[in-house]
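Colleague: Following this message is one structure expressed as C-alpha cells.
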Amino acid sequence: MKTIEPTEISVGVVGLGLMGSSIIVSLLKAGHEVIAVAPVAEEAIVAPQRILEQISICRDLNLLDDPITTYLEKLTVTEDYSRLAGCGIVLECVVEKIEIKEQVYRKIAEVVGNDTVVATNTSAIAISTLQKHISHPERFLGIHWAEPAYATRFLEITCGQKTYSSYADWIYNLAERWDKEPTLLKKDIHGFITNRLMYAVCREALNIVETGQASLDDVDKSFRYDVGSWISLMGIFRRMDFLGLKDYFEIFSNTFPVLCNSDKVPEVMQKLVDTDARGIYNYRGLYNYTAEEAARWEETFKMFNGEIYFLATLFPSRLPKEVQTVKWPK
Ligand SMILES: NC(=O)c1ccc[n+]([C@@H]2O[C@H](COP(=O)([O-])OP(=O)(O)OC[C@H]3O[C@@H](n4cnc5c(N)ncnc54)[C@H](O)[C@@H]3O)[C@@H](O)[C@H]2O)c1
C-alpha cells in the first residue's frame, strides 16, 4: 500500500467519550480531517467543548503550534454515520460491550468502502471476536491508544485471525506520522502485549501485599523508583542486555518457581468490587482519597504525561547518534 500523508486521508471516529475525544485531538494534530460521530445524541452537544479543552491543553503543553481554529476547521462533529463515507480509516471508540460495538460496525460498514480500515480501541475484547461482526473482516484490526491519546507515544496495533497484514503494516507506518511508537501484535493474544505484561505484574504485586510482605505504598515506591528510572528508556529486554545476561539464567531458575501463579483473583479485589470502590472516581480504592487529592492526582498525571512525551522525543526507541543534552522545550 502506498504511503499517504495524513492531510490526504479523512479519519472517522465513532464514540466521543474520554478516549474518542483525545484520539480526535491526536489525529487533528497529525493533520487529518476528522469526522467525529456521536452515537448518543447528547454527545454531539458536549463533545465539541471537550475536544476544544483538550486542544487547549495540547497548546499549553506546547504540543500544538497553530491557532485553535486551524484544527477546528478540520473537524466535523455529527450524529450522521453517512458522513463517514469518504473516510480511509474509521476508529470505533464506544463502550466495552460486544453487542453495542457490533451495532456500530454494522452502521459503519453500510456507508464506507470495503477497503476502509475499521479499527477498535478495545482494551480487552479479542479482535478475532469483534471481527466476526463486520463485513470484509480482513480490513478490521485493533488500534489501542493510551489516554490521553494526544500526549502518549503508545499505540498497539493488533491483527485478528482474518486481518490482512497489509492493512496492519499500513497503519503501523501511518502511526509514526501520529508521533507514536507503534507496536504490532500479529495475532491477538489475551490482554494484547501491554496489559498482559501489567496483569502479570499486578498479580505479583497484590500477592506481596496480601501475604503481608510489604505495604501497598512500598510496592508502589519500588516500582516507581526502580522500574520507573529505566523502563521508559529501555523496556525489558534492552534492560536485561544492559545489566549483562550472565546471571539471568540462574536467577530465573531460582525465582520463577516462587512467583505467584494463582489463577484466582486476589480477595482484596473482590472486596473492592463488593463495595463499589472505583479508585479516584469515587475516592475509594486500594488507597482512599479526598476530592482534592483525587483532583490533584488527575492534574499531576496530565502534567507528567506532557513531560514524558517530550522526554520520549529526546530519547526515541532508536537513539540518536549522540546523547543529547536535555533541554525542556518550554
Ligand atoms: N479510558 C481509557 O483509558 C481507555 C484506554 C484504552 C482503551 N479504551 C477503550 O476505549 C473504548 C471507549 O472507552 P472510553 O474510556 O472512551 O469510554 P467512555 O465511557 O468515555 O465513552 C464511551 C462511548 O461509548 C458511547 N456509547 C455509550 N452507549 C452507547 C450505545 N448504546 N451505542 C453506541 N455508543 C454508545 C458513548 O457515546 C461514548 O462515546 C472502550 O472500548 C475502552 O475499553 C479506553
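Note on naming: chains are A, B, ... as they come in the C-alpha cells, residues start from 1 per chain, ligands start from 1 in the order shown.
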Leaving out Cys87 of chain A and any residue of its chain fewer than 4 positions from it, which residues lie within 10 Å of it when counting only C-alpha atoms, given as a PDB file with N, CA and C atoms, in the first residue's frame?

Modeller:
ATOM      1  N   ILE A   9      -5.910  11.994   3.962  1.00  0.00           N
ATOM      2  CA  ILE A   9      -6.855  10.947   4.362  1.00  0.00           C
ATOM      3  C   ILE A   9      -7.752  11.410   5.509  1.00  0.00           C
ATOM      4  N   SER A  10      -9.046  11.195   5.322  1.00  0.00           N
ATOM      5  CA  SER A  10     -10.004  11.532   6.388  1.00  0.00           C
ATOM      6  C   SER A  10     -10.147  10.329   7.313  1.00  0.00           C
ATOM      7  N   VAL A  11     -10.234  10.632   8.585  1.00  0.00           N
ATOM      8  CA  VAL A  11     -10.392   9.552   9.565  1.00  0.00           C
ATOM      9  C   VAL A  11     -11.705   9.768  10.307  1.00  0.00           C
ATOM     10  N   GLY A  12     -12.465   8.702  10.454  1.00  0.00           N
ATOM     11  CA  GLY A  12     -13.705   8.768  11.225  1.00  0.00           C
ATOM     12  C   GLY A  12     -13.461   8.239  12.624  1.00  0.00           C
ATOM     13  N   VAL A  13     -14.104   8.853  13.601  1.00  0.00           N
ATOM     14  CA  VAL A  13     -14.042   8.342  14.977  1.00  0.00           C
ATOM     15  C   VAL A  13     -15.482   8.207  15.447  1.00  0.00           C
ATOM     16  N   GLU A  33      -8.192  15.284   8.362  1.00  0.00           N
ATOM     17  CA  GLU A  33      -9.560  15.752   8.504  1.00  0.00           C
ATOM     18  C   GLU A  33     -10.267  14.686   9.340  1.00  0.00           C
ATOM     19  N   VAL A  34     -11.075  15.081  10.322  1.00  0.00           N
ATOM     20  CA  VAL A  34     -11.705  14.093  11.207  1.00  0.00           C
ATOM     21  C   VAL A  34     -13.231  14.230  11.173  1.00  0.00           C
ATOM     22  N   ILE A  35     -13.887  13.107  10.936  1.00  0.00           N
ATOM     23  CA  ILE A  35     -15.345  13.060  11.021  1.00  0.00           C
ATOM     24  C   ILE A  35     -15.667  12.350  12.342  1.00  0.00           C
ATOM     25  N   ARG A  83     -21.790  10.455   7.023  1.00  0.00           N
ATOM     26  CA  ARG A  83     -20.676  11.378   6.811  1.00  0.00           C
ATOM     27  C   ARG A  83     -19.328  10.657   6.812  1.00  0.00           C
ATOM     28  N   VAL A 111     -21.823   2.350   5.192  1.00  0.00           N
ATOM     29  CA  VAL A 111     -21.537   3.614   4.494  1.00  0.00           C
ATOM     30  C   VAL A 111     -20.114   3.748   3.959  1.00  0.00           C
ATOM     31  N   VAL A 112     -19.173   2.924   4.443  1.00  0.00           N
ATOM     32  CA  VAL A 112     -17.783   3.097   3.974  1.00  0.00           C
ATOM     33  C   VAL A 112     -17.454   2.066   2.896  1.00  0.00           C
ATOM     34  N   GLY A 113     -16.341   2.281   2.195  1.00  0.00           N
ATOM     35  CA  GLY A 113     -15.890   1.329   1.182  1.00  0.00           C
ATOM     36  C   GLY A 113     -15.407   0.037   1.819  1.00  0.00           C
ATOM     37  N   THR A 116     -11.982   0.300   3.462  1.00  0.00           N
ATOM     38  CA  THR A 116     -11.752   1.255   4.568  1.00  0.00           C
ATOM     39  C   THR A 116     -11.340   0.457   5.795  1.00  0.00           C
ATOM     40  N   VAL A 117     -10.227   0.848   6.402  1.00  0.00           N
ATOM     41  CA  VAL A 117      -9.798   0.153   7.615  1.00  0.00           C
ATOM     42  C   VAL A 117     -10.750   0.527   8.750  1.00  0.00           C
ATOM     43  N   VAL A 118     -11.282  -0.488   9.406  1.00  0.00           N
ATOM     44  CA  VAL A 118     -12.129  -0.244  10.576  1.00  0.00           C
ATOM     45  C   VAL A 118     -11.382  -0.818  11.779  1.00  0.00           C
TER      46      VAL A 118
END

Colleague: Give me, as CSV, each residue of chain A that comes within 9 Å of ligand 1, together with its shortest interatomic pair and the distance in Å at one decimal, counting only C-alpha atoms and all ligand atoms, with rows ordered by chain and rising residue number.

Modeller:
residue,atom,partner,partner_atom_place_in_ligand_line,distance
A:Val14,CA,ligand 1,39 (O),7.0
A:Gly15,CA,ligand 1,39 (O),3.3
A:Leu16,CA,ligand 1,39 (O),4.0
A:Gly17,CA,ligand 1,20 (O),3.5
A:Leu18,CA,ligand 1,20 (O),3.7
A:Met19,CA,ligand 1,16 (O),3.6
A:Gly20,CA,ligand 1,16 (O),5.3
A:Ser21,CA,ligand 1,16 (O),7.6
A:Ser22,CA,ligand 1,16 (O),8.6
A:Val37,CA,ligand 1,39 (O),8.6
A:Ala38,CA,ligand 1,37 (O),6.0
A:Pro39,CA,ligand 1,34 (N),4.7
A:Val40,CA,ligand 1,37 (O),4.7
A:Ala41,CA,ligand 1,37 (O),8.0
A:Glu42,CA,ligand 1,37 (O),8.3
A:Glu43,CA,ligand 1,37 (O),6.1
A:Ala44,CA,ligand 1,37 (O),8.9
A:Ala47,CA,ligand 1,39 (O),8.8
A:Glu92,CA,ligand 1,11 (C),7.6
A:Cys93,CA,ligand 1,11 (C),4.4
A:Val94,CA,ligand 1,24 (O),3.3
A:Val95,CA,ligand 1,24 (O),4.0
A:Glu96,CA,ligand 1,41 (O),4.2
A:Lys97,CA,ligand 1,41 (O),7.6
A:Glu99,CA,ligand 1,31 (N),8.9
A:Ile100,CA,ligand 1,32 (N),5.3
A:Lys101,CA,ligand 1,33 (C),7.0
A:Gln103,CA,ligand 1,32 (N),7.5
A:Val104,CA,ligand 1,33 (C),6.4
A:Thr120,CA,ligand 1,41 (O),7.2
A:Asn121,CA,ligand 1,10 (O),4.8
A:Thr122,CA,ligand 1,41 (O),3.7
A:Ser123,CA,ligand 1,43 (O),4.3
A:Ala124,CA,ligand 1,43 (O),6.6
A:Ile125,CA,ligand 1,41 (O),8.2
A:Ile143,CA,ligand 1,7 (C),8.9
A:His144,CA,ligand 1,7 (C),5.8
A:Trp145,CA,ligand 1,6 (C),5.3
A:Ala146,CA,ligand 1,5 (C),5.1
A:Glu147,CA,ligand 1,3 (O),4.7
A:Pro148,CA,ligand 1,3 (O),7.4
A:Ala149,CA,ligand 1,5 (C),8.7

Colleague: Run DSSP on the backbone and give me the residues of segment 102-146 of chain A it puts in strand (DSSP E), as a CSV table (one decimal) with N, CA and C atoms, in the first residue's frame.

Modeller:
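Final output, saved to result12.csv:
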chain,number,residue,atom,x,y,z
A,117,VAL,N,-10.2,0.8,6.4
A,117,VAL,CA,-9.8,0.2,7.6
A,117,VAL,C,-10.7,0.5,8.7
A,118,VAL,N,-11.3,-0.5,9.4
A,118,VAL,CA,-12.1,-0.2,10.6
A,118,VAL,C,-11.4,-0.8,11.8
A,119,ALA,N,-11.2,0.0,12.8
A,119,ALA,CA,-10.4,-0.4,13.9
A,119,ALA,C,-11.1,-0.2,15.2
A,120,THR,N,-10.8,-1.0,16.2
A,120,THR,CA,-11.4,-0.9,17.5
A,120,THR,C,-10.4,-0.5,18.5
A,140,PHE,N,-10.3,-5.3,9.3
A,140,PHE,CA,-10.6,-4.9,10.7
A,140,PHE,C,-9.4,-5.3,11.6
A,141,LEU,N,-9.0,-4.4,12.5
A,141,LEU,CA,-7.9,-4.6,13.4
A,141,LEU,C,-8.1,-3.8,14.7
A,142,GLY,N,-7.2,-4.1,15.6
A,142,GLY,CA,-7.2,-3.3,16.9
A,142,GLY,C,-6.2,-2.2,16.8
A,143,ILE,N,-6.7,-1.0,17.1
A,143,ILE,CA,-5.7,0.1,17.3
A,143,ILE,C,-6.0,0.6,18.7
A,144,HIS,N,-5.1,0.3,19.6
A,144,HIS,CA,-5.3,0.5,21.1
A,144,HIS,C,-4.4,1.7,21.5
A,145,TRP,N,-5.1,2.8,21.9
A,145,TRP,CA,-4.4,4.0,22.3
A,145,TRP,C,-4.3,4.1,23.8

Colleague: Report as an MDAnalysis selection string all protein, DNA and RNA residues lying within 9 Å of segment 269-280 of chain A, evaluated on only C-alpha atoms, omitting residues in the same chain fewer than 6 positions from it.

Modeller: chainID A and resid 286:291 293:295 297:298

Colleague: With a distance cut-off of 9 Å and only C-alpha atoms, select the neighbouring residues of Ser135 of chain A, excluding the residue or stretch itself and same-chain residues fewer than 4 positions from it, and output the selection as a ChimeraX atom specification.

Modeller: /A:105-106,109,114,131,139

Colleague: Would you output that residue set with N, CA and C atoms, as an mmCIF file, in the first residue's frame?

Modeller:
data_model
loop_
_atom_site.group_PDB
_atom_site.id
_atom_site.type_symbol
_atom_site.label_atom_id
_atom_site.label_comp_id
_atom_site.auth_asym_id
_atom_site.auth_seq_id
_atom_site.Cartn_x
_atom_site.Cartn_y
_atom_site.Cartn_z
ATOM 1 N N TYR A 105 -20.492 -1.354 14.167
ATOM 2 C CA TYR A 105 -19.803 -1.859 12.964
ATOM 3 C C TYR A 105 -20.785 -1.971 11.788
ATOM 4 N N ARG A 106 -21.995 -2.389 12.114
ATOM 5 C CA ARG A 106 -22.985 -2.536 11.042
ATOM 6 C C ARG A 106 -23.244 -1.170 10.393
ATOM 7 N N ALA A 109 -20.119 -0.115 8.347
ATOM 8 C CA ALA A 109 -19.921 -0.903 7.115
ATOM 9 C C ALA A 109 -20.934 -0.528 6.029
ATOM 10 N N ASN A 114 -15.328 -1.025 1.000
ATOM 11 C CA ASN A 114 -14.935 -2.341 1.529
ATOM 12 C C ASN A 114 -13.476 -2.399 1.974
ATOM 13 N N GLN A 131 -14.170 -9.086 15.077
ATOM 14 C CA GLN A 131 -14.046 -9.175 13.620
ATOM 15 C C GLN A 131 -15.200 -9.957 12.986
ATOM 16 N N ARG A 139 -10.215 -6.155 6.748
ATOM 17 C CA ARG A 139 -9.799 -4.754 6.954
ATOM 18 C C ARG A 139 -9.980 -4.305 8.407
#

Colleague: Using only C-alpha atoms, which residues sit within 10 Å of segment 218-224 of chain A once same-chain residues fewer than 5 positions away are excluded, as a list in words?

Modeller: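 Everything that qualifies: Val201, Ala205, Leu206, Ile208, Val209, Gln213, Ser229, Trp230 and Ile231 of chain A.
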
Colleague: May I have the residues from that selection written out with N, CA and C atoms, as a compact mmCIF listing (two decimals), in the first residue's frame?

Modeller:
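Output (part-v4.txt):
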# COMPACT_ATOMS: atom_id res chain seq x y z
N VAL A 201 2.34 -8.43 36.43
CA VAL A 201 2.95 -7.63 37.50
C VAL A 201 1.93 -7.37 38.61
N ALA A 205 2.28 -8.18 42.54
CA ALA A 205 2.24 -7.05 43.49
C ALA A 205 1.15 -7.28 44.54
N LEU A 206 -0.04 -7.71 44.09
CA LEU A 206 -1.14 -7.95 45.03
C LEU A 206 -0.79 -9.10 45.98
N ILE A 208 2.21 -9.96 47.04
CA ILE A 208 3.17 -9.48 48.05
C ILE A 208 2.43 -8.75 49.17
N VAL A 209 1.43 -7.95 48.79
CA VAL A 209 0.69 -7.19 49.80
C VAL A 209 -0.22 -8.12 50.61
N GLN A 213 3.90 -9.17 53.11
CA GLN A 213 5.35 -8.98 52.99
C GLN A 213 5.74 -7.50 52.91
N SER A 229 12.81 4.25 36.84
CA SER A 229 14.02 5.00 36.48
C SER A 229 14.64 4.53 35.17
N TRP A 230 14.20 3.40 34.64
CA TRP A 230 14.80 2.95 33.37
C TRP A 230 13.79 2.49 32.32
N ILE A 231 12.58 2.20 32.74
CA ILE A 231 11.70 1.49 31.81
C ILE A 231 11.32 2.31 30.57

Colleague: One decimal, in Å: what's the spacing between atom CA of Glu8 of chain A and atom CA of Ala168 of chain A?

Modeller: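 Result for atom CA of Glu8 of chain A versus atom CA of Ala168 of chain A: 18.6 Å, one decimal.
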
Colleague: Quick one: residues within 6 Å of Tyr164 of chain A, only C-alpha atoms counted, chain neighbours fewer than 2 positions away excluded, as a PDB file with N, CA and C atoms, in the first residue's frame?

Modeller:
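Heads up, here's the output in part32.pdb:
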ATOM      1  N   GLU A 138     -11.228  -8.720   6.783  1.00  0.00           N
ATOM      2  CA  GLU A 138      -9.787  -8.582   6.551  1.00  0.00           C
ATOM      3  C   GLU A 138      -9.304  -7.153   6.765  1.00  0.00           C
ATOM      4  N   SER A 166      -1.287  -6.526   5.366  1.00  0.00           N
ATOM      5  CA  SER A 166      -1.003  -5.287   4.617  1.00  0.00           C
ATOM      6  C   SER A 166      -1.713  -4.077   5.258  1.00  0.00           C
ATOM      7  N   TYR A 167      -2.915  -4.298   5.785  1.00  0.00           N
ATOM      8  CA  TYR A 167      -3.626  -3.190   6.435  1.00  0.00           C
ATOM      9  C   TYR A 167      -2.905  -2.792   7.735  1.00  0.00           C
TER      10      TYR A 167
END

Colleague: Between A:Ile68, A:Pro320, A:Val227, A:Glu102, which one has atoms that come closest to Glu53 of chain A, using only C-alpha atoms?

Modeller: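 Checking each candidate against Glu53 of chain A, we get A:Ile68 as the closest.
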
Colleague: For the atom pair atom CA of Leu84 of chain A and atom CA of Pro182 of chain A, what is the interatomic distance in Å to one decimal place?

Modeller: 24.9 Å

Colleague: Counting only C-alpha atoms, what is within 12 Å of segment 255-260 of chain A, bar same-chain residues fewer than 2 positions away, as a tab-separated table (two decimals) with C-alpha atoms, in the first residue's frame?

Modeller:
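To be explicit, this is the file written out as around_1.tsv:
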chain	number	residue	atom	x	y	z
A	199	TYR	CA	-1.58	-8.16	34.67
A	200	ALA	CA	1.36	-10.44	35.48
A	201	VAL	CA	2.95	-7.63	37.50
A	202	CYS	CA	-0.36	-6.80	39.23
A	203	ARG	CA	-0.79	-10.44	40.31
A	204	GLU	CA	2.65	-10.50	41.90
A	205	ALA	CA	2.24	-7.05	43.49
A	206	LEU	CA	-1.14	-7.95	45.03
A	207	ASN	CA	0.28	-11.23	46.28
A	208	ILE	CA	3.17	-9.48	48.05
A	209	VAL	CA	0.69	-7.19	49.80
A	210	GLU	CA	-1.89	-9.90	50.61
A	211	THR	CA	0.73	-12.14	52.19
A	248	TYR	CA	19.84	-14.27	34.42
A	249	PHE	CA	19.53	-17.96	33.71
A	250	GLU	CA	20.31	-18.87	37.30
A	251	ILE	CA	18.14	-16.05	38.70
A	252	PHE	CA	15.16	-17.16	36.62
A	253	SER	CA	15.69	-20.81	37.59
A	262	SER	CA	-2.52	-18.36	41.26
A	263	ASP	CA	-5.42	-18.42	38.80
A	264	LYS	CA	-7.75	-16.88	41.43
A	265	VAL	CA	-8.38	-13.15	41.59
A	266	PRO	CA	-6.98	-11.92	44.95

Colleague: Residues of segment 212-317 of chain A that approach segment 61-65 of chain A to 9 Å or less, counting only C-alpha atoms: could you list each one with the shortest pair of atoms and its distance in Å to one decimal, rows by chain and increasing residue number, as a Markdown table?

Modeller:
| residue | atom | partner | partner_atom | distance |
| --- | --- | --- | --- | --- |
| A:Met303 | CA | A:Leu61 | CA | 8.1 |
| A:Gly306 | CA | A:Leu61 | CA | 6.1 |
| A:Glu307 | CA | A:Leu61 | CA | 8.5 |

Colleague: Would you please work out which residue, of A:Ile98, A:Cys159, A:Met198, A:Ile57, is nearest to Pro137 of chain A when using only C-alpha atoms?

Modeller: A:Cys159
